file model_0.txt (compact mmCIF, N, CA and C atoms)
# COMPACT_ATOMS: atom_id res chain seq x y z
N MET Y 1 18.30 -10.45 -12.49
CA MET Y 1 18.15 -9.92 -11.13
C MET Y 1 19.33 -9.00 -10.84
N ILE Y 2 19.07 -8.01 -10.06
CA ILE Y 2 20.12 -7.09 -9.63
C ILE Y 2 20.97 -7.79 -8.57
N ASP Y 3 22.28 -7.72 -8.71
CA ASP Y 3 23.13 -8.50 -7.82
C ASP Y 3 23.16 -8.00 -6.38
N TRP Y 4 22.84 -6.74 -6.13
CA TRP Y 4 22.88 -6.22 -4.76
C TRP Y 4 21.55 -6.38 -4.03
N ALA Y 5 20.48 -6.73 -4.74
CA ALA Y 5 19.17 -6.91 -4.11
C ALA Y 5 18.87 -8.41 -4.02
N PRO Y 6 18.44 -8.87 -2.87
CA PRO Y 6 18.18 -10.30 -2.73
C PRO Y 6 16.97 -10.78 -3.55
N ASN Y 7 16.05 -9.85 -3.86
CA ASN Y 7 14.84 -10.16 -4.62
C ASN Y 7 14.18 -8.84 -5.02
N LEU Y 8 13.05 -8.90 -5.71
CA LEU Y 8 12.39 -7.68 -6.20
C LEU Y 8 11.62 -6.92 -5.12
N HIS Y 9 11.24 -7.56 -4.04
CA HIS Y 9 10.39 -6.94 -3.03
C HIS Y 9 10.91 -5.59 -2.52
N PRO Y 10 12.18 -5.49 -2.12
CA PRO Y 10 12.63 -4.19 -1.61
C PRO Y 10 12.66 -3.10 -2.68
N LEU Y 11 12.67 -3.49 -3.94
CA LEU Y 11 12.67 -2.50 -5.02
C LEU Y 11 11.26 -1.97 -5.29
N LEU Y 12 10.24 -2.75 -4.95
CA LEU Y 12 8.86 -2.37 -5.25
C LEU Y 12 8.08 -1.83 -4.07
N VAL Y 13 8.46 -2.19 -2.86
CA VAL Y 13 7.62 -1.98 -1.69
C VAL Y 13 7.33 -0.50 -1.38
N HIS Y 14 8.20 0.39 -1.77
CA HIS Y 14 7.98 1.80 -1.44
C HIS Y 14 7.03 2.52 -2.40
N PHE Y 15 6.83 1.96 -3.59
CA PHE Y 15 5.93 2.59 -4.56
C PHE Y 15 4.49 2.66 -4.07
N PRO Y 16 3.90 1.54 -3.58
CA PRO Y 16 2.52 1.67 -3.12
C PRO Y 16 2.39 2.62 -1.94
N ILE Y 17 3.38 2.67 -1.08
CA ILE Y 17 3.33 3.59 0.05
C ILE Y 17 3.24 5.02 -0.46
N ALA Y 18 4.13 5.38 -1.36
CA ALA Y 18 4.14 6.75 -1.90
C ALA Y 18 2.86 7.06 -2.66
N LEU Y 19 2.40 6.13 -3.48
CA LEU Y 19 1.19 6.36 -4.27
C LEU Y 19 -0.04 6.52 -3.38
N LEU Y 20 -0.16 5.70 -2.35
CA LEU Y 20 -1.34 5.76 -1.49
C LEU Y 20 -1.32 6.98 -0.57
N VAL Y 21 -0.17 7.40 -0.13
CA VAL Y 21 -0.09 8.65 0.64
C VAL Y 21 -0.48 9.82 -0.24
N THR Y 22 0.03 9.85 -1.46
CA THR Y 22 -0.30 10.93 -2.39
C THR Y 22 -1.79 10.90 -2.73
N ALA Y 23 -2.37 9.72 -2.87
CA ALA Y 23 -3.81 9.60 -3.14
C ALA Y 23 -4.63 10.17 -1.99
N ALA Y 24 -4.21 9.89 -0.76
CA ALA Y 24 -4.92 10.43 0.41
C ALA Y 24 -4.82 11.95 0.46
N VAL Y 25 -3.67 12.48 0.10
CA VAL Y 25 -3.50 13.94 0.06
C VAL Y 25 -4.41 14.54 -1.02
N ALA Y 26 -4.45 13.93 -2.19
CA ALA Y 26 -5.31 14.41 -3.28
C ALA Y 26 -6.78 14.30 -2.89
N ASP Y 27 -7.14 13.22 -2.21
CA ASP Y 27 -8.51 13.06 -1.73
C ASP Y 27 -8.90 14.17 -0.76
N THR Y 28 -8.02 14.44 0.19
CA THR Y 28 -8.28 15.49 1.16
C THR Y 28 -8.37 16.85 0.47
N ALA Y 29 -7.48 17.09 -0.47
CA ALA Y 29 -7.51 18.36 -1.22
C ALA Y 29 -8.80 18.48 -2.02
N SER Y 30 -9.35 17.34 -2.49
CA SER Y 30 -10.60 17.40 -3.26
C SER Y 30 -11.77 17.83 -2.39
N LEU Y 31 -11.68 17.59 -1.08
CA LEU Y 31 -12.72 18.09 -0.17
C LEU Y 31 -12.59 19.59 0.02
N VAL Y 32 -11.36 20.04 0.21
CA VAL Y 32 -11.11 21.46 0.44
C VAL Y 32 -11.40 22.28 -0.81
N PHE Y 33 -10.98 21.76 -1.95
CA PHE Y 33 -11.16 22.45 -3.24
C PHE Y 33 -12.20 21.69 -4.07
N SER Y 34 -13.43 21.65 -3.60
CA SER Y 34 -14.47 20.85 -4.24
C SER Y 34 -14.81 21.34 -5.65
N SER Y 35 -14.41 22.54 -6.00
CA SER Y 35 -14.68 23.04 -7.35
C SER Y 35 -13.68 22.47 -8.37
N HIS Y 36 -12.76 21.64 -7.92
CA HIS Y 36 -11.76 21.02 -8.81
C HIS Y 36 -11.95 19.50 -8.82
N PRO Y 37 -12.91 19.02 -9.63
CA PRO Y 37 -13.18 17.57 -9.64
C PRO Y 37 -12.00 16.73 -10.12
N TRP Y 38 -11.06 17.34 -10.82
CA TRP Y 38 -9.90 16.60 -11.30
C TRP Y 38 -9.08 16.04 -10.14
N LEU Y 39 -9.17 16.68 -8.95
CA LEU Y 39 -8.44 16.16 -7.78
C LEU Y 39 -8.97 14.78 -7.38
N ARG Y 40 -10.29 14.61 -7.44
CA ARG Y 40 -10.87 13.31 -7.11
C ARG Y 40 -10.47 12.27 -8.16
N HIS Y 41 -10.42 12.69 -9.42
CA HIS Y 41 -9.98 11.78 -10.49
C HIS Y 41 -8.50 11.41 -10.31
N LEU Y 42 -7.71 12.40 -9.93
CA LEU Y 42 -6.29 12.14 -9.65
C LEU Y 42 -6.15 11.14 -8.51
N ALA Y 43 -6.91 11.36 -7.43
CA ALA Y 43 -6.85 10.44 -6.29
C ALA Y 43 -7.23 9.03 -6.72
N THR Y 44 -8.25 8.91 -7.56
CA THR Y 44 -8.66 7.58 -8.03
C THR Y 44 -7.55 6.93 -8.84
N GLY Y 45 -6.94 7.68 -9.74
CA GLY Y 45 -5.83 7.14 -10.53
C GLY Y 45 -4.67 6.71 -9.65
N LEU Y 46 -4.35 7.52 -8.66
CA LEU Y 46 -3.27 7.17 -7.73
C LEU Y 46 -3.64 5.94 -6.91
N TYR Y 47 -4.90 5.85 -6.53
CA TYR Y 47 -5.35 4.71 -5.75
C TYR Y 47 -5.26 3.42 -6.57
N VAL Y 48 -5.66 3.49 -7.84
CA VAL Y 48 -5.58 2.31 -8.72
C VAL Y 48 -4.12 1.91 -8.93
N ALA Y 49 -3.26 2.90 -9.19
CA ALA Y 49 -1.83 2.60 -9.36
C ALA Y 49 -1.24 2.04 -8.07
N GLY Y 50 -1.64 2.61 -6.93
CA GLY Y 50 -1.17 2.11 -5.64
C GLY Y 50 -1.61 0.68 -5.39
N ALA Y 51 -2.85 0.37 -5.78
CA ALA Y 51 -3.36 -1.00 -5.62
C ALA Y 51 -2.57 -1.97 -6.49
N ALA Y 52 -2.28 -1.57 -7.72
CA ALA Y 52 -1.50 -2.43 -8.62
C ALA Y 52 -0.10 -2.68 -8.06
N MET Y 53 0.53 -1.63 -7.57
CA MET Y 53 1.87 -1.79 -6.99
C MET Y 53 1.83 -2.57 -5.69
N LEU Y 54 0.73 -2.43 -4.95
CA LEU Y 54 0.57 -3.21 -3.72
C LEU Y 54 0.46 -4.69 -4.03
N LEU Y 55 -0.26 -5.03 -5.09
CA LEU Y 55 -0.32 -6.43 -5.51
C LEU Y 55 1.07 -6.95 -5.87
N ALA Y 56 1.83 -6.16 -6.61
CA ALA Y 56 3.19 -6.57 -6.98
C ALA Y 56 4.06 -6.73 -5.74
N ALA Y 57 3.95 -5.79 -4.81
CA ALA Y 57 4.75 -5.87 -3.57
C ALA Y 57 4.33 -7.09 -2.75
N TYR Y 58 3.03 -7.36 -2.69
CA TYR Y 58 2.56 -8.51 -1.92
C TYR Y 58 3.12 -9.82 -2.47
N PHE Y 59 2.97 -10.02 -3.77
CA PHE Y 59 3.41 -11.29 -4.35
C PHE Y 59 4.94 -11.42 -4.38
N THR Y 60 5.66 -10.32 -4.60
CA THR Y 60 7.12 -10.43 -4.54
C THR Y 60 7.58 -10.64 -3.10
N GLY Y 61 6.84 -10.11 -2.14
CA GLY Y 61 7.17 -10.34 -0.73
C GLY Y 61 6.96 -11.78 -0.33
N ARG Y 62 5.85 -12.36 -0.79
CA ARG Y 62 5.60 -13.77 -0.49
C ARG Y 62 6.71 -14.64 -1.07
N SER Y 63 7.12 -14.30 -2.29
CA SER Y 63 8.20 -15.05 -2.94
C SER Y 63 9.54 -14.81 -2.24
N ALA Y 64 9.75 -13.58 -1.79
CA ALA Y 64 11.03 -13.21 -1.17
C ALA Y 64 11.31 -14.00 0.10
N ALA Y 65 10.28 -14.34 0.82
CA ALA Y 65 10.47 -15.05 2.09
C ALA Y 65 11.18 -16.38 1.91
N THR Y 66 11.12 -16.93 0.73
CA THR Y 66 11.78 -18.22 0.48
C THR Y 66 13.22 -18.04 0.02
N THR Y 67 13.65 -16.79 -0.21
CA THR Y 67 14.98 -16.56 -0.78
C THR Y 67 15.96 -15.90 0.18
N VAL Y 68 15.50 -15.55 1.38
CA VAL Y 68 16.38 -14.83 2.31
C VAL Y 68 16.57 -15.63 3.60
N ARG Y 69 17.68 -15.33 4.27
CA ARG Y 69 17.94 -15.95 5.57
C ARG Y 69 16.94 -15.39 6.57
N MET Y 70 16.29 -16.31 7.30
CA MET Y 70 15.25 -15.91 8.23
C MET Y 70 15.57 -16.46 9.62
N PRO Y 71 16.01 -15.59 10.55
CA PRO Y 71 16.26 -16.07 11.92
C PRO Y 71 14.96 -16.62 12.53
N GLY Y 72 15.09 -17.60 13.37
CA GLY Y 72 13.93 -18.23 13.97
C GLY Y 72 13.00 -17.26 14.67
N MET Y 73 13.58 -16.27 15.35
CA MET Y 73 12.77 -15.29 16.09
C MET Y 73 11.95 -14.40 15.16
N ALA Y 74 12.30 -14.33 13.89
CA ALA Y 74 11.62 -13.45 12.95
C ALA Y 74 10.35 -14.07 12.36
N HIS Y 75 10.16 -15.35 12.53
CA HIS Y 75 9.02 -16.02 11.89
C HIS Y 75 7.67 -15.49 12.37
N ALA Y 76 7.55 -15.16 13.63
CA ALA Y 76 6.28 -14.62 14.14
C ALA Y 76 6.00 -13.25 13.50
N VAL Y 77 7.03 -12.43 13.38
CA VAL Y 77 6.86 -11.11 12.76
C VAL Y 77 6.55 -11.28 11.27
N LEU Y 78 7.19 -12.24 10.63
CA LEU Y 78 6.90 -12.51 9.22
C LEU Y 78 5.43 -12.89 9.04
N ASP Y 79 4.91 -13.75 9.91
CA ASP Y 79 3.50 -14.14 9.82
C ASP Y 79 2.58 -12.93 10.00
N GLU Y 80 2.92 -12.06 10.96
CA GLU Y 80 2.13 -10.84 11.16
C GLU Y 80 2.21 -9.94 9.92
N HIS Y 81 3.41 -9.81 9.36
CA HIS Y 81 3.61 -8.99 8.17
C HIS Y 81 2.75 -9.51 7.02
N TRP Y 82 2.75 -10.82 6.80
CA TRP Y 82 1.94 -11.43 5.75
C TRP Y 82 0.45 -11.15 5.98
N THR Y 83 0.01 -11.32 7.22
CA THR Y 83 -1.41 -11.11 7.55
C THR Y 83 -1.82 -9.67 7.27
N TRP Y 84 -1.02 -8.72 7.76
CA TRP Y 84 -1.34 -7.31 7.52
C TRP Y 84 -1.23 -6.95 6.05
N ALA Y 85 -0.26 -7.53 5.36
CA ALA Y 85 -0.11 -7.26 3.93
C ALA Y 85 -1.33 -7.75 3.15
N LEU Y 86 -1.83 -8.91 3.50
CA LEU Y 86 -3.02 -9.43 2.82
C LEU Y 86 -4.23 -8.55 3.10
N ARG Y 87 -4.42 -8.18 4.37
CA ARG Y 87 -5.54 -7.29 4.73
C ARG Y 87 -5.45 -5.98 3.94
N THR Y 88 -4.26 -5.42 3.91
CA THR Y 88 -4.05 -4.15 3.23
C THR Y 88 -4.32 -4.27 1.74
N THR Y 89 -3.80 -5.32 1.14
CA THR Y 89 -3.96 -5.53 -0.30
C THR Y 89 -5.43 -5.71 -0.67
N VAL Y 90 -6.14 -6.53 0.07
CA VAL Y 90 -7.56 -6.76 -0.22
C VAL Y 90 -8.35 -5.46 -0.04
N TYR Y 91 -8.09 -4.74 1.05
CA TYR Y 91 -8.82 -3.50 1.32
C TYR Y 91 -8.56 -2.46 0.23
N VAL Y 92 -7.30 -2.21 -0.06
CA VAL Y 92 -6.95 -1.17 -1.04
C VAL Y 92 -7.46 -1.54 -2.43
N CYS Y 93 -7.35 -2.80 -2.81
CA CYS Y 93 -7.85 -3.20 -4.13
C CYS Y 93 -9.37 -3.06 -4.21
N THR Y 94 -10.07 -3.36 -3.13
CA THR Y 94 -11.52 -3.20 -3.11
C THR Y 94 -11.92 -1.73 -3.23
N VAL Y 95 -11.27 -0.87 -2.45
CA VAL Y 95 -11.56 0.56 -2.52
C VAL Y 95 -11.21 1.11 -3.90
N ALA Y 96 -10.07 0.70 -4.44
CA ALA Y 96 -9.66 1.18 -5.76
C ALA Y 96 -10.65 0.73 -6.83
N ALA Y 97 -11.12 -0.50 -6.75
CA ALA Y 97 -12.09 -0.99 -7.73
C ALA Y 97 -13.40 -0.21 -7.64
N GLY Y 98 -13.84 0.08 -6.43
CA GLY Y 98 -15.06 0.86 -6.25
C GLY Y 98 -14.91 2.27 -6.78
N ARG Y 99 -13.78 2.88 -6.50
CA ARG Y 99 -13.52 4.24 -7.00
C ARG Y 99 -13.46 4.25 -8.53
N LEU Y 100 -12.79 3.26 -9.09
CA LEU Y 100 -12.65 3.18 -10.54
C LEU Y 100 -14.02 2.95 -11.19
N ALA Y 101 -14.83 2.10 -10.60
CA ALA Y 101 -16.18 1.85 -11.12
C ALA Y 101 -16.98 3.15 -11.12
N GLY Y 102 -16.89 3.91 -10.03
CA GLY Y 102 -17.60 5.19 -9.97
C GLY Y 102 -17.12 6.17 -11.02
N LEU Y 103 -15.84 6.15 -11.29
CA LEU Y 103 -15.28 7.05 -12.30
C LEU Y 103 -15.69 6.62 -13.70
N VAL Y 104 -15.63 5.32 -13.98
CA VAL Y 104 -15.98 4.80 -15.31
C VAL Y 104 -17.48 5.00 -15.58
N LEU Y 105 -18.29 4.78 -14.56
CA LEU Y 105 -19.74 4.94 -14.72
C LEU Y 105 -20.17 6.40 -14.68
N ARG Y 106 -19.19 7.27 -14.43
CA ARG Y 106 -19.43 8.72 -14.40
C ARG Y 106 -20.53 9.10 -13.41
N ARG Y 107 -20.46 8.50 -12.27
CA ARG Y 107 -21.43 8.82 -11.22
C ARG Y 107 -21.00 10.12 -10.53
N THR Y 108 -21.99 10.93 -10.22
CA THR Y 108 -21.73 12.14 -9.44
C THR Y 108 -21.63 11.73 -7.98
N TRP Y 109 -20.58 12.17 -7.34
CA TRP Y 109 -20.38 11.76 -5.95
C TRP Y 109 -20.97 12.80 -5.01
N HIS Y 110 -21.82 12.31 -4.15
CA HIS Y 110 -22.42 13.15 -3.11
C HIS Y 110 -21.31 13.62 -2.16
N PRO Y 111 -21.44 14.81 -1.59
CA PRO Y 111 -20.40 15.29 -0.65
C PRO Y 111 -20.12 14.31 0.49
N ASN Y 112 -21.15 13.61 0.96
CA ASN Y 112 -20.91 12.63 2.03
C ASN Y 112 -20.08 11.46 1.54
N LEU Y 113 -20.26 11.07 0.28
CA LEU Y 113 -19.44 10.00 -0.30
C LEU Y 113 -18.00 10.48 -0.43
N ALA Y 114 -17.81 11.72 -0.81
CA ALA Y 114 -16.45 12.27 -0.91
C ALA Y 114 -15.76 12.23 0.45
N ARG Y 115 -16.50 12.57 1.51
CA ARG Y 115 -15.92 12.50 2.85
C ARG Y 115 -15.60 11.06 3.23
N ALA Y 116 -16.50 10.14 2.87
CA ALA Y 116 -16.28 8.72 3.17
C ALA Y 116 -15.05 8.20 2.44
N LEU Y 117 -14.81 8.69 1.23
CA LEU Y 117 -13.63 8.26 0.48
C LEU Y 117 -12.35 8.74 1.16
N VAL Y 118 -12.39 9.92 1.75
CA VAL Y 118 -11.21 10.39 2.48
C VAL Y 118 -10.99 9.52 3.71
N VAL Y 119 -12.05 9.17 4.40
CA VAL Y 119 -11.93 8.28 5.55
C VAL Y 119 -11.37 6.92 5.10
N ALA Y 120 -11.85 6.43 3.96
CA ALA Y 120 -11.35 5.16 3.43
C ALA Y 120 -9.86 5.25 3.09
N SER Y 121 -9.44 6.39 2.56
CA SER Y 121 -8.02 6.59 2.25
C SER Y 121 -7.18 6.57 3.52
N VAL Y 122 -7.67 7.23 4.56
CA VAL Y 122 -6.92 7.28 5.83
C VAL Y 122 -6.87 5.89 6.46
N LEU Y 123 -7.96 5.16 6.39
CA LEU Y 123 -7.96 3.79 6.91
C LEU Y 123 -6.97 2.93 6.13
N GLY Y 124 -6.93 3.12 4.81
CA GLY Y 124 -5.95 2.40 4.00
C GLY Y 124 -4.52 2.71 4.42
N LEU Y 125 -4.27 3.99 4.73
CA LEU Y 125 -2.93 4.37 5.19
C LEU Y 125 -2.61 3.73 6.54
N ALA Y 126 -3.60 3.60 7.41
CA ALA Y 126 -3.38 2.94 8.70
C ALA Y 126 -3.00 1.47 8.48
N LEU Y 127 -3.63 0.82 7.52
CA LEU Y 127 -3.27 -0.56 7.20
C LEU Y 127 -1.86 -0.65 6.62
N VAL Y 128 -1.54 0.29 5.74
CA VAL Y 128 -0.18 0.33 5.16
C VAL Y 128 0.84 0.52 6.28
N LEU Y 129 0.55 1.39 7.23
CA LEU Y 129 1.47 1.64 8.34
C LEU Y 129 1.69 0.37 9.16
N GLN Y 130 0.63 -0.37 9.44
CA GLN Y 130 0.77 -1.61 10.21
C GLN Y 130 1.63 -2.62 9.45
N THR Y 131 1.41 -2.72 8.15
CA THR Y 131 2.19 -3.65 7.33
C THR Y 131 3.65 -3.22 7.28
N ALA Y 132 3.88 -1.93 7.05
CA ALA Y 132 5.25 -1.41 6.93
C ALA Y 132 6.01 -1.54 8.23
N GLU Y 133 5.32 -1.34 9.35
CA GLU Y 133 6.00 -1.45 10.65
C GLU Y 133 6.56 -2.85 10.84
N ARG Y 134 5.80 -3.84 10.47
CA ARG Y 134 6.27 -5.22 10.62
C ARG Y 134 7.35 -5.56 9.59
N GLY Y 135 7.21 -5.05 8.37
CA GLY Y 135 8.26 -5.24 7.37
C GLY Y 135 9.56 -4.57 7.79
N GLY Y 136 9.45 -3.38 8.34
CA GLY Y 136 10.64 -2.69 8.85
C GLY Y 136 11.31 -3.45 9.97
N ARG Y 137 10.51 -4.04 10.84
CA ARG Y 137 11.09 -4.85 11.92
C ARG Y 137 11.87 -6.04 11.37
N LEU Y 138 11.34 -6.66 10.32
CA LEU Y 138 12.05 -7.79 9.72
C LEU Y 138 13.43 -7.38 9.24
N VAL Y 139 13.51 -6.21 8.63
CA VAL Y 139 14.79 -5.74 8.08
C VAL Y 139 15.69 -5.18 9.18
N TYR Y 140 15.18 -4.25 9.98
CA TYR Y 140 16.04 -3.51 10.90
C TYR Y 140 16.24 -4.18 12.25
N GLU Y 141 15.31 -5.02 12.66
CA GLU Y 141 15.48 -5.72 13.93
C GLU Y 141 16.10 -7.09 13.74
N TYR Y 142 15.72 -7.78 12.66
CA TYR Y 142 16.19 -9.15 12.45
C TYR Y 142 17.17 -9.29 11.29
N GLY Y 143 17.37 -8.24 10.50
CA GLY Y 143 18.33 -8.28 9.41
C GLY Y 143 17.91 -9.15 8.24
N VAL Y 144 16.62 -9.38 8.07
CA VAL Y 144 16.12 -10.22 6.99
C VAL Y 144 16.40 -9.55 5.66
N GLY Y 145 17.05 -10.25 4.76
CA GLY Y 145 17.33 -9.73 3.43
C GLY Y 145 18.51 -8.77 3.38
N VAL Y 146 19.23 -8.65 4.49
CA VAL Y 146 20.37 -7.73 4.54
C VAL Y 146 21.66 -8.55 4.58
N ALA Y 147 22.53 -8.29 3.63
CA ALA Y 147 23.81 -8.99 3.58
C ALA Y 147 24.81 -8.27 4.46
N ALA Y 148 25.71 -9.03 5.03
CA ALA Y 148 26.80 -8.44 5.81
C ALA Y 148 27.72 -7.66 4.86
N PRO Y 149 28.26 -6.53 5.33
CA PRO Y 149 29.20 -5.76 4.46
C PRO Y 149 30.38 -6.64 4.08
N ARG Y 150 30.86 -6.41 2.86
CA ARG Y 150 32.01 -7.21 2.37
C ARG Y 150 33.31 -6.57 2.77
call {"tool": "encode", "arguments": {"input": "model_0.txt", "output": "structure tokens"}}
result
Amino acid sequence: MIDWAPNLHPLLVHFPIALLVTAAVADTASLVFSSHPWLRHLATGLYVAGAAMLLAAYFTGRSAATTVRMPGMAHAVLDEHWTWALRTTVYVCTVAAGRLAGLVLRRTWHPNLARALVVASVLGLALVLQTAERGGRLVYEYGVGVAAPR
């Protein structure tokens, strides 16, 4: 373990955020530049990678809660963070699995399905935002996982 990090969660948590934002951008670009199907494939790859990293962040976060000092007032926010993290993880993994299945089965995507995938990406980002807002509150409002300067 790295001596300055209380656990793996803070080292992993930003990867799914970056991957899923980039996936949503690639998805949106695939609508604008529909003659470039590789953009949709890129978005799917980013979505699958984002889902994998989200799983890692979820499980390391669950484990992290047992290793850090938790002020009593933070427990309600922690419960909300866990709830939103689970919702986000299940949603993103489901969408990623569906996208991957479509790619593996080499299905041609109807333009309406492409638009629906962009909506799904944006909804996924809204879930990520809700989860991140509560995680940020744990760190910046309650100091969870933050050591006092030496």
call {"tool": "closest_residue", "arguments": {"input": "model_0.txt", "among": "Y:Ala126, Y:Val119, Y:Ala101, Y:Ala64", "to": "Leu11 in chain Y", "atoms": "only C-alpha atoms"}}
result
Y:Ala64
call {"tool": "atom_distance", "arguments": {"input": "model_0.txt", "atom1": "atom N of Gln130 in chain Y", "atom2": "atom N of Thr22 in chain Y"}}
result
15.0 Å
call {"tool": "closest_atom_pairs", "arguments": {"input": "model_0.txt", "of": "range 25-125 of chain Y", "to": "range 16-19 of chain Y", "cutoff": "8 Å", "atoms": "only C-alpha atoms", "output": "JSON lines"}}
result
{"residue": "Y:Leu46", "atom": "CA", "partner": "Y:Leu19", "partner_atom": "CA", "distance": 5.7}
{"residue": "Y:Tyr47", "atom": "CA", "partner": "Y:Leu19", "partner_atom": "CA", "distance": 6.9}
{"residue": "Y:Ala49", "atom": "CA", "partner": "Y:Leu19", "partner_atom": "CA", "distance": 7.0}
{"residue": "Y:Gly50", "atom": "CA", "partner": "Y:Pro16", "partner_atom": "CA", "distance": 4.5}
{"residue": "Y:Ala51", "atom": "CA", "partner": "Y:Pro16", "partner_atom": "CA", "distance": 6.9}
{"residue": "Y:Ala52", "atom": "CA", "partner": "Y:Pro16", "partner_atom": "CA", "distance": 8.0}
{"residue": "Y:Met53", "atom": "CA", "partner": "Y:Pro16", "partner_atom": "CA", "distance": 5.2}
{"residue": "Y:Leu54", "atom": "CA", "partner": "Y:Pro16", "partner_atom": "CA", "distance": 5.3}
{"residue": "Y:Ala57", "atom": "CA", "partner": "Y:Pro16", "partner_atom": "CA", "distance": 7.9}
call {"tool": "residues_around", "arguments": {"input": "model_0.txt", "residues": "Leu125 in chain Y", "least_positions_apart": "6", "cutoff": "8 Å", "atoms": "all atoms listed in the file", "output": "list in words"}}
result
Leu20, Val21, Ala24, Val119 and Thr131 of chain Y
call {"tool": "atom_distance", "arguments": {"input": "model_0.txt", "atom1": "atom C of Val122 in chain Y", "atom2": "atom C of Met73 in chain Y"}}
result
29.0 Å
call {"tool": "residues_around", "arguments": {"input": "model_0.txt", "residues": "Arg69 in chain Y", "least_positions_apart": "5", "cutoff": "7 Å", "atoms": "only N, CA and C atoms", "output": "PDB file with N, CA and C atoms, in the frame of the given file"}}
result
ATOM      1  N   GLY Y 143      17.370  -8.240  10.500  1.00  0.00           N
ATOM      2  CA  GLY Y 143      18.330  -8.280   9.410  1.00  0.00           C
ATOM      3  C   GLY Y 143      17.910  -9.150   8.240  1.00  0.00           C
ATOM      4  N   VAL Y 144      16.620  -9.380   8.070  1.00  0.00           N
ATOM      5  CA  VAL Y 144      16.120 -10.220   6.990  1.00  0.00           C
ATOM      6  C   VAL Y 144      16.400  -9.550   5.660  1.00  0.00           C
ATOM      7  N   GLY Y 145      17.050 -10.250   4.760  1.00  0.00           N
ATOM      8  CA  GLY Y 145      17.330  -9.730   3.430  1.00  0.00           C
ATOM      9  C   GLY Y 145      18.510  -8.770   3.380  1.00  0.00           C
ATOM     10  N   VAL Y 146      19.230  -8.650   4.490  1.00  0.00           N
ATOM     11  CA  VAL Y 146      20.370  -7.730   4.540  1.00  0.00           C
ATOM     12  C   VAL Y 146      21.660  -8.550   4.580  1.00  0.00           C
TER      13      VAL Y 146
END
call {"tool": "atom_distance", "arguments": {"input": "model_0.txt", "atom1": "CA of Arg87 in chain Y", "atom2": "CA of Asn112 in chain Y"}}
result
25.3 Å
call {"tool": "closest_residue", "arguments": {"input": "model_0.txt", "among": "Y:Ala85, Y:Val92, Y:Leu8, Y:Ala114", "to": "Leu31 in chain Y", "atoms": "all atoms listed in the file"}}
result
Y:Ala114
call {"tool": "closest_residue", "arguments": {"input": "model_0.txt", "among": "Y:Gly135, Y:His41, Y:Phe15, Y:Ala5", "to": "Asp79 in chain Y", "atoms": "only C-alpha atoms"}}
result
Y:Gly135
call {"tool": "axis_aligned_box", "arguments": {"input": "model_0.txt", "around": "range 18-25 of chain Y", "padding_each_side": "5 Å", "output": "JSON"}}
result
{"center_x": -0.4, "center_y": 10.0, "center_z": -1.8, "size_x": 19.1, "size_y": 19.2, "size_z": 14.9}
call {"tool": "select_by_dssp", "arguments": {"input": "model_0.txt", "residues": "range 44-118 of chain Y", "states": "helix (DSSP H, G or I)", "output": "VMD selection string"}}
result
chain Y and resid 44 to 64 72 to 104 111 to 118
call {"tool": "decode", "arguments": {"input": "model_0.txt", "residues": "range 40-52 of chain Y", "atoms": "C-alpha atoms", "output": "PDB file, in the first residue's frame"}}
result
ATOM      1  CA  ARG Y  40     -19.454   4.559 -31.600  1.00  0.00           C
ATOM      2  CA  HIS Y  41     -16.982   1.689 -31.171  1.00  0.00           C
ATOM      3  CA  LEU Y  42     -14.669   4.011 -29.242  1.00  0.00           C
ATOM      4  CA  ALA Y  43     -17.556   5.086 -27.001  1.00  0.00           C
ATOM      5  CA  THR Y  44     -18.411   1.443 -26.334  1.00  0.00           C
ATOM      6  CA  GLY Y  45     -14.807   0.628 -25.430  1.00  0.00           C
ATOM      7  CA  LEU Y  46     -14.639   3.634 -23.126  1.00  0.00           C
ATOM      8  CA  TYR Y  47     -17.955   2.676 -21.572  1.00  0.00           C
ATOM      9  CA  VAL Y  48     -16.770  -0.894 -20.895  1.00  0.00           C
ATOM     10  CA  ALA Y  49     -13.487   0.396 -19.415  1.00  0.00           C
ATOM     11  CA  GLY Y  50     -15.436   2.946 -17.356  1.00  0.00           C
ATOM     12  CA  ALA Y  51     -17.738   0.202 -16.056  1.00  0.00           C
ATOM     13  CA  ALA Y  52     -14.751  -1.952 -15.065  1.00  0.00           C
TER      14      ALA Y  52
END
